[in-house]
Each structure stands twice: as structure tokens, then as C-alpha cells.
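Peer 1: Input structure: query20.csv, which contains CSV, C-alpha atoms and all ligand atoms.
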```
chain,number,residue,atom,x,y,z
B,1,MET,CA,14.5,-7.5,-1.6
B,2,LEU,CA,12.7,-4.3,-2.5
B,3,LYS,CA,12.4,-3.2,-6.1
B,4,TRP,CA,10.5,-0.6,-8.0
B,5,ILE,CA,8.9,-2.2,-11.0
B,6,GLY,CA,8.5,-0.3,-14.3
B,7,PRO,CA,5.7,-0.4,-16.8
B,8,GLY,CA,6.0,-3.5,-19.0
B,9,GLU,CA,8.0,-5.5,-16.5
B,10,GLN,CA,6.7,-9.1,-16.0
B,11,ALA,CA,6.6,-8.6,-12.2
B,12,ARG,CA,3.6,-6.3,-12.5
B,13,ALA,CA,1.5,-9.3,-13.5
B,14,GLU,CA,2.6,-11.1,-10.4
B,15,ILE,CA,2.0,-8.1,-8.2
B,16,LEU,CA,-1.5,-7.7,-9.7
B,17,GLU,CA,-2.2,-11.4,-8.7
B,18,LEU,CA,-1.0,-10.7,-5.1
B,19,ARG,CA,-3.3,-7.6,-5.0
B,20,ARG,CA,-6.2,-9.7,-6.2
B,21,ALA,CA,-5.5,-12.4,-3.6
B,22,VAL,CA,-5.1,-10.0,-0.6
B,23,LEU,CA,-7.2,-7.0,-1.4
B,24,ARG,CA,-10.1,-8.1,-3.8
B,25,ARG,CA,-11.0,-11.8,-3.7
B,26,PRO,CA,-11.7,-11.9,0.0
B,27,LEU,CA,-14.4,-9.2,-0.7
B,28,GLY,CA,-15.7,-11.0,-3.8
B,29,LEU,CA,-14.5,-8.1,-6.0
B,30,GLU,CA,-12.3,-7.7,-9.1
B,31,PHE,CA,-10.4,-4.7,-10.4
B,32,SER,CA,-12.2,-2.8,-13.2
B,33,PRO,CA,-10.5,-2.1,-16.5
B,34,GLN,CA,-10.7,1.6,-15.6
B,35,ASP,CA,-8.9,1.0,-12.3
B,36,LEU,CA,-6.1,-0.9,-14.1
B,37,ALA,CA,-5.8,1.7,-16.9
B,38,ALA,CA,-5.4,4.5,-14.3
B,39,GLU,CA,-2.5,2.7,-12.6
B,40,LYS,CA,-0.1,2.4,-15.5
B,41,ASP,CA,1.7,5.6,-14.5
B,42,ASP,CA,1.8,4.8,-10.8
B,43,TRP,CA,5.1,3.6,-9.2
B,44,TRP,CA,4.9,0.0,-8.2
B,45,LEU,CA,7.0,-1.3,-5.4
B,46,ALA,CA,7.4,-5.1,-4.8
B,47,LEU,CA,9.0,-6.9,-1.9
B,48,TRP,CA,10.5,-10.5,-2.2
B,49,ASP,CA,11.1,-12.4,1.0
B,50,GLU,CA,12.9,-15.7,0.8
B,51,GLY,CA,12.5,-15.6,-3.0
B,52,LEU,CA,8.7,-15.2,-2.9
B,53,LEU,CA,6.8,-12.1,-3.9
B,54,SER,CA,5.4,-11.2,-0.4
B,55,GLY,CA,4.3,-7.6,-0.6
B,56,CYS,CA,3.5,-4.6,-2.8
B,57,LEU,CA,2.3,-1.0,-2.8
B,58,LEU,CA,1.6,1.6,-5.4
B,59,ILE,CA,2.2,5.4,-5.3
B,60,ARG,CA,0.3,7.9,-7.3
B,61,ASP,CA,1.1,11.6,-7.9
B,62,ARG,CA,-1.9,13.6,-6.7
B,63,GLY,CA,-0.4,17.0,-7.5
B,64,GLN,CA,0.6,19.8,-5.1
B,65,LYS,CA,3.6,17.7,-4.0
B,66,THR,CA,1.3,15.1,-2.5
B,67,ALA,CA,1.5,11.4,-3.2
B,68,GLN,CA,-1.2,8.8,-2.5
B,69,MET,CA,-0.1,5.4,-1.2
B,70,ARG,CA,-2.4,2.7,-2.5
B,71,GLN,CA,-2.8,-1.1,-2.6
B,72,VAL,CA,-0.5,-1.9,0.3
B,73,ALA,CA,-0.6,-5.6,0.7
B,74,VAL,CA,1.5,-8.3,2.5
B,75,ALA,CA,0.8,-11.9,1.7
B,76,GLU,CA,-1.1,-13.8,4.3
B,77,GLY,CA,1.4,-15.9,6.4
B,78,ARG,CA,4.1,-13.2,6.0
B,79,ARG,CA,2.5,-10.5,8.1
B,80,GLY,CA,3.7,-9.2,11.4
B,81,ARG,CA,7.4,-9.5,10.5
B,82,GLY,CA,8.1,-5.9,9.5
B,83,LEU,CA,7.6,-6.3,5.7
B,84,GLY,CA,4.8,-3.7,5.5
B,85,ARG,CA,6.9,-1.2,7.5
B,86,ARG,CA,9.9,-1.8,5.1
B,87,MET,CA,7.8,-1.1,2.0
B,88,VAL,CA,6.2,2.0,3.5
B,89,GLU,CA,9.6,3.4,4.6
B,90,GLU,CA,11.0,2.7,1.1
B,91,ALA,CA,8.0,4.5,-0.5
B,92,GLU,CA,8.5,7.5,1.8
B,93,ALA,CA,12.2,7.7,0.9
B,94,LEU,CA,11.5,7.7,-2.8
B,95,CYS,CA,8.7,10.3,-2.4
B,96,ARG,CA,11.1,12.6,-0.4
B,97,ARG,CA,13.8,12.2,-3.1
B,98,ARG,CA,11.2,13.2,-5.7
B,99,GLY,CA,10.3,16.3,-3.8
B,100,PHE,CA,6.9,15.3,-2.4
B,101,ARG,CA,5.9,16.9,0.9
B,102,LYS,CA,3.0,14.8,2.0
B,103,ILE,CA,1.7,11.2,1.6
B,104,ILE,CA,-2.1,10.5,1.9
B,105,LEU,CA,-3.9,7.2,1.9
B,106,HIS,CA,-7.3,5.6,2.4
B,107,ALA,CA,-6.8,3.1,5.3
B,108,ARG,CA,-9.1,0.2,5.9
B,109,GLU,CA,-10.3,0.4,9.5
B,110,ASP,CA,-8.3,-2.8,10.3
B,111,ALA,CA,-5.1,-1.2,9.0
B,112,VAL,CA,-5.4,2.2,10.7
B,113,GLU,CA,-3.2,1.2,13.7
B,114,PHE,CA,-0.5,-0.1,11.3
B,115,TYR,CA,-0.3,3.3,9.6
B,116,ARG,CA,-0.5,5.1,12.9
B,117,ARG,CA,2.6,3.3,14.1
B,118,LEU,CA,4.4,4.5,11.0
B,119,GLY,CA,3.5,8.1,11.8
B,120,TYR,CA,0.3,8.6,9.8
B,121,GLN,CA,-2.6,10.5,11.3
B,122,THR,CA,-6.3,10.2,10.6
B,123,GLU,CA,-8.1,13.2,9.1
B,124,GLY,CA,-11.9,13.7,8.9
B,125,GLU,CA,-14.7,11.2,9.3
B,126,ALA,CA,-14.8,7.5,8.2
B,127,PHE,CA,-16.2,6.8,4.8
B,128,ILE,CA,-17.1,3.7,2.8
B,129,GLU,CA,-15.0,2.4,-0.1
B,130,ILE,CA,-15.3,-1.0,-1.8
B,131,GLY,CA,-17.9,-1.7,0.9
B,132,LEU,CA,-15.5,-1.2,3.8
B,133,LYS,CA,-15.1,1.5,6.4
B,134,HIS,CA,-12.0,3.6,5.6
B,135,ARG,CA,-10.2,6.6,7.1
B,136,LEU,CA,-8.2,9.3,5.3
B,137,MET,CA,-4.7,9.3,6.8
B,138,ALA,CA,-1.7,11.6,6.1
B,139,LYS,CA,1.9,12.1,6.9
B,140,GLY,CA,4.2,15.1,6.2
B,141,LEU,CA,7.6,14.1,4.7
B,201,LIG,C1,-1.7,-4.0,6.9
B,201,LIG,C2,-0.5,-4.9,6.4
B,201,LIG,C3,0.0,-4.3,5.1
B,201,LIG,C4,0.6,-4.8,7.5
B,201,LIG,O1,1.7,-5.5,7.0
B,201,LIG,P1,2.7,-6.2,8.0
B,201,LIG,O2,3.9,-6.7,7.3
B,201,LIG,O3,1.9,-7.3,8.8
B,201,LIG,O4,3.1,-5.1,9.1
B,201,LIG,P2,4.5,-4.9,9.9
B,201,LIG,O5,4.9,-6.3,10.4
B,201,LIG,O6,5.5,-4.2,9.1
B,201,LIG,O7,4.0,-4.0,11.1
B,201,LIG,C5,4.5,-2.7,11.4
B,201,LIG,C6,3.9,-2.3,12.7
B,201,LIG,O8,2.4,-2.2,12.6
B,201,LIG,C7,1.8,-3.1,13.6
B,201,LIG,N1,0.7,-3.7,12.9
B,201,LIG,C8,0.7,-4.3,11.7
B,201,LIG,N2,-0.6,-4.7,11.3
B,201,LIG,C9,-1.4,-4.3,12.3
B,201,LIG,C10,-2.8,-4.3,12.5
B,201,LIG,N3,-3.6,-4.9,11.6
B,201,LIG,N4,-3.3,-3.8,13.7
B,201,LIG,C11,-2.4,-3.2,14.6
B,201,LIG,N5,-1.1,-3.1,14.4
B,201,LIG,C12,-0.6,-3.6,13.3
B,201,LIG,C13,2.9,-4.1,13.9
B,201,LIG,O9,2.6,-4.7,15.1
B,201,LIG,C14,4.1,-3.3,13.9
B,201,LIG,O10,4.3,-2.5,15.0
B,201,LIG,P3,5.7,-2.2,15.7
B,201,LIG,O11,6.6,-1.8,14.5
B,201,LIG,O12,5.4,-1.0,16.6
B,201,LIG,O13,6.1,-3.4,16.3
B,201,LIG,C15,-0.9,-6.4,6.3
B,201,LIG,O14,-1.5,-6.8,7.5
B,201,LIG,C16,-1.9,-6.6,5.1
B,201,LIG,O15,-1.5,-6.8,4.0
B,201,LIG,N6,-3.2,-6.7,5.5
B,201,LIG,C17,-4.2,-7.0,4.5
B,201,LIG,C18,-4.4,-6.0,3.4
B,201,LIG,C19,-4.6,-4.6,4.0
B,201,LIG,O16,-5.4,-4.4,4.9
B,201,LIG,N7,-3.9,-3.6,3.4
B,201,LIG,C20,-4.1,-2.2,3.8
B,201,LIG,C21,-5.2,-1.6,3.0
B,201,LIG,S1,-5.4,0.1,3.5
```
Would you mind writing the structure in this file as C-alpha cells?
Ligand SMILES: CC(C)(COP(=O)(O)OP(=O)(O)OC[C@H]1O[C@@H](n2cnc3c(N)ncnc32)[C@H](O)[C@@H]1OP(=O)(O)O)[C@@H](O)C(=O)NCCC(=O)NCCS
Peer 2:
Amino acid sequence: MLKWIGPGEQARAEILELRRAVLRRPLGLEFSPQDLAAEKDDWWLALWDEGLLSGCLLIRDRGQKTAQMRQVAVAEGRRGRGLGRRMVEEAEALCRRRGFRKIILHAREDAVEFYRRLGYQTEGEAFIEIGLKHRLMAKGL
């Protein structure tokens, strides 16, 4: 089940925990209070699979009809079953309905092929973020 989670909904705390487990703890990092404060207006998408919170992503309005997709995470053990693809496709559909023309994202090098398969293309050179090599990727809607 896919669901957009509004500010103040309890599921946001669960999503944050999934993000910590998948995207921060393996790197020995934590979200800063500034990171978290900046996210309150983002759109939060959660995916439950067999009753368990299994994936999430966030969307941020970057202006000029461009949305940034962030914090894409599927729980370890549930990967490779199309859950990531379902979330990204749902996010693209909402962005289209809201009039966005483009989605951009910062892809970890390990995830570039995942996004490529979903129609995203790399732009420019690699750069370092949270200590990892990333590529800017984009897709027109
Ligand atoms: C990247 C991630 C979100 C992919 O989620 P997933 O549910 O495993 O992906 P899906 O099963 O929907 O895969 C969709 C397609 O991408 C491919 N794919 C998925 N991960 C891939 C990878 N790491 N490398 C190459 N191809 C990959 C799949 O084979 C599938 O291809 P197909 O549709 O042509 O058969 C997940 O592996 C994850 O959470 N990784 C750790 C966190 C992370 O790196 N997040 C991204 C930060 S930028």
C-alpha cells in the first residue's frame, strides 16, 4: 500500500526511523535538526508491504516547476521486488498532477542504475555528499 503522509501523522516518525536505518546509520551519520526542520513541507510517501513499512521517499518543491526526489529507501530484505520502482512511479504521477515538469535527484553511485532504469539521466560530474560519490540525475515529466 502506498500512502502520502501529511505533517503531524504518526507514520512520519516510523518513516524517519526507516530512513535512519537505511540511509544514515550504515554511514555512522544522523540527521541534523536543520535537515529535519527543512523537511516539514516536503511530501512524504510511504509504502507498506505485507503490513510492514518497507519504503519511503520525499519530494521537495525546488521552484521553476522542478521537484527534487530525496531519501529514497527500501528496507533491506525487501529490495529487488519492484517496491522502489512503485514508489518512484507514484511520486512522478503526483508531480505531474501538480504541474511539475521535471524531477531532479542526487543519486548515490550505487543507485545510479536503478534510476537509469526508471528513465533518469545523469547530468554533470560526480560530487561528494555525506561522504559518498553522487551524480545529479533528472527526468522530464
Ligand atoms: C536503490 C533502492 C531504492 C532500489 O529499490 P528496489 O526496491 O530494490 O528497486 P526495484 O526492485 O524497484 O528495482 C527497479 C529496477 O532497478 C533495478 N535495480 C534496483 N537496484 C539496483 C541497483 N542497485 N543496481 C542496479 N540495478 C538496480 C532492478 O533490477 C529493477 O530493474 P528492472 O525493472 O529493469 O527489472 C534500494 O536498493 C535501496 O533502498 N538502497 C539503499 C538506499 C539507497 O541507496 N537509496 C538511494 C539513495 S540515492
Peer 1: When you count all atoms listed in the file, which of these residues is closest to Tyr120 (chain B): B:Ile104, B:Ile5, B:Leu29, B:Leu45?
Peer 2: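 Between B:Ile104, B:Ile5, B:Leu29, B:Leu45, the residue approaching Tyr120 (chain B) most closely is B:Ile104.
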Peer 1: Report as number ranges by chain which protein, DNA and RNA residues come within 9 Å of ligand LIG 201 (chain B), using all atoms listed in the file.
Peer 2: B: 19, 22-23, 55-57, 69-88, 105-118, 134-135
Peer 1: Dump C-alpha atoms for the selected residues as an mmCIF file, in the frame of the given file?
Peer 2:
```
data_model
loop_
_atom_site.group_PDB
_atom_site.id
_atom_site.type_symbol
_atom_site.label_atom_id
_atom_site.label_comp_id
_atom_site.auth_asym_id
_atom_site.auth_seq_id
_atom_site.Cartn_x
_atom_site.Cartn_y
_atom_site.Cartn_z
ATOM 1 C CA ARG B 19 -3.300 -7.600 -5.000
ATOM 2 C CA VAL B 22 -5.100 -10.000 -0.600
ATOM 3 C CA LEU B 23 -7.200 -7.000 -1.400
ATOM 4 C CA GLY B 55 4.300 -7.600 -0.600
ATOM 5 C CA CYS B 56 3.500 -4.600 -2.800
ATOM 6 C CA LEU B 57 2.300 -1.000 -2.800
ATOM 7 C CA MET B 69 -0.100 5.400 -1.200
ATOM 8 C CA ARG B 70 -2.400 2.700 -2.500
ATOM 9 C CA GLN B 71 -2.800 -1.100 -2.600
ATOM 10 C CA VAL B 72 -0.500 -1.900 0.300
ATOM 11 C CA ALA B 73 -0.600 -5.600 0.700
ATOM 12 C CA VAL B 74 1.500 -8.300 2.500
ATOM 13 C CA ALA B 75 0.800 -11.900 1.700
ATOM 14 C CA GLU B 76 -1.100 -13.800 4.300
ATOM 15 C CA GLY B 77 1.400 -15.900 6.400
ATOM 16 C CA ARG B 78 4.100 -13.200 6.000
ATOM 17 C CA ARG B 79 2.500 -10.500 8.100
ATOM 18 C CA GLY B 80 3.700 -9.200 11.400
ATOM 19 C CA ARG B 81 7.400 -9.500 10.500
ATOM 20 C CA GLY B 82 8.100 -5.900 9.500
ATOM 21 C CA LEU B 83 7.600 -6.300 5.700
ATOM 22 C CA GLY B 84 4.800 -3.700 5.500
ATOM 23 C CA ARG B 85 6.900 -1.200 7.500
ATOM 24 C CA ARG B 86 9.900 -1.800 5.100
ATOM 25 C CA MET B 87 7.800 -1.100 2.000
ATOM 26 C CA VAL B 88 6.200 2.000 3.500
ATOM 27 C CA LEU B 105 -3.900 7.200 1.900
ATOM 28 C CA HIS B 106 -7.300 5.600 2.400
ATOM 29 C CA ALA B 107 -6.800 3.100 5.300
ATOM 30 C CA ARG B 108 -9.100 0.200 5.900
ATOM 31 C CA GLU B 109 -10.300 0.400 9.500
ATOM 32 C CA ASP B 110 -8.300 -2.800 10.300
ATOM 33 C CA ALA B 111 -5.100 -1.200 9.000
ATOM 34 C CA VAL B 112 -5.400 2.200 10.700
ATOM 35 C CA GLU B 113 -3.200 1.200 13.700
ATOM 36 C CA PHE B 114 -0.500 -0.100 11.300
ATOM 37 C CA TYR B 115 -0.300 3.300 9.600
ATOM 38 C CA ARG B 116 -0.500 5.100 12.900
ATOM 39 C CA ARG B 117 2.600 3.300 14.100
ATOM 40 C CA LEU B 118 4.400 4.500 11.000
ATOM 41 C CA HIS B 134 -12.000 3.600 5.600
ATOM 42 C CA ARG B 135 -10.200 6.600 7.100
#
```
Peer 1: Hey, can you check how far CA of Lys139 (chain B) sits from CA of Ala93 (chain B)?
Peer 2: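 It comes out at 12.7 Å.
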Peer 1: With a distance cut-off of 9 Å and all atoms listed in the file, select the neighbouring residues of region 58-63 of chain B, excluding the residue or stretch itself and same-chain residues fewer than 3 positions from it, and output the selection as a list in words.
Peer 2: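 Once the nearby chain positions are removed, what remains is Glu39, Asp41, Asp42, Trp43, Trp44, Leu45, Ala46, Thr66, Ala67, Gln68, Met69, Arg70, Gln71, Val72, Ala91, Cys95 and Phe100 of chain B.
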Peer 1: So the first atom is CA of Leu2 (chain B) and the second is CA of Glu14 (chain B); what is the distance between them in Å, to one decimal place?
Peer 2: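 That distance, rounded to one decimal, is 14.5 Å.
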Peer 1: Within 12 Å of (-10.2, -5.0, -10.9) in the file's own coordinates, which protein, DNA or RNA residues have an atom, counting only C-alpha atoms? List them as a PyMOL selection string.
Peer 2: chain B and resi 16-17+19-21+23-25+27-39+71+130
Peer 1: Write out the residues from the selection above, keeping C-alpha atoms, as a PDB file, in the coordinates of the input.
Peer 2:
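What ended up in again_35.pdb:
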```
ATOM      1  CA  LEU B  16      -1.500  -7.700  -9.700  1.00  0.00           C
ATOM      2  CA  GLU B  17      -2.200 -11.400  -8.700  1.00  0.00           C
ATOM      3  CA  ARG B  19      -3.300  -7.600  -5.000  1.00  0.00           C
ATOM      4  CA  ARG B  20      -6.200  -9.700  -6.200  1.00  0.00           C
ATOM      5  CA  ALA B  21      -5.500 -12.400  -3.600  1.00  0.00           C
ATOM      6  CA  LEU B  23      -7.200  -7.000  -1.400  1.00  0.00           C
ATOM      7  CA  ARG B  24     -10.100  -8.100  -3.800  1.00  0.00           C
ATOM      8  CA  ARG B  25     -11.000 -11.800  -3.700  1.00  0.00           C
ATOM      9  CA  LEU B  27     -14.400  -9.200  -0.700  1.00  0.00           C
ATOM     10  CA  GLY B  28     -15.700 -11.000  -3.800  1.00  0.00           C
ATOM     11  CA  LEU B  29     -14.500  -8.100  -6.000  1.00  0.00           C
ATOM     12  CA  GLU B  30     -12.300  -7.700  -9.100  1.00  0.00           C
ATOM     13  CA  PHE B  31     -10.400  -4.700 -10.400  1.00  0.00           C
ATOM     14  CA  SER B  32     -12.200  -2.800 -13.200  1.00  0.00           C
ATOM     15  CA  PRO B  33     -10.500  -2.100 -16.500  1.00  0.00           C
ATOM     16  CA  GLN B  34     -10.700   1.600 -15.600  1.00  0.00           C
ATOM     17  CA  ASP B  35      -8.900   1.000 -12.300  1.00  0.00           C
ATOM     18  CA  LEU B  36      -6.100  -0.900 -14.100  1.00  0.00           C
ATOM     19  CA  ALA B  37      -5.800   1.700 -16.900  1.00  0.00           C
ATOM     20  CA  ALA B  38      -5.400   4.500 -14.300  1.00  0.00           C
ATOM     21  CA  GLU B  39      -2.500   2.700 -12.600  1.00  0.00           C
ATOM     22  CA  GLN B  71      -2.800  -1.100  -2.600  1.00  0.00           C
ATOM     23  CA  ILE B 130     -15.300  -1.000  -1.800  1.00  0.00           C
TER      24      ILE B 130
END
```
Peer 1: In Å, with one decimal, what is the gap from CA of Lys133 (chain B) to CA of Gln121 (chain B)?
Peer 2: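 Separating CA of Lys133 (chain B) from CA of Gln121 (chain B) is a distance of 16.2 Å.
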Peer 1: Restricting the calculation to all atoms listed in the file: of B:Pro26, B:Lys40, B:Glu89, B:Gly140, which residue gets closest to Gly6 (chain B)?
Peer 2: B:Lys40
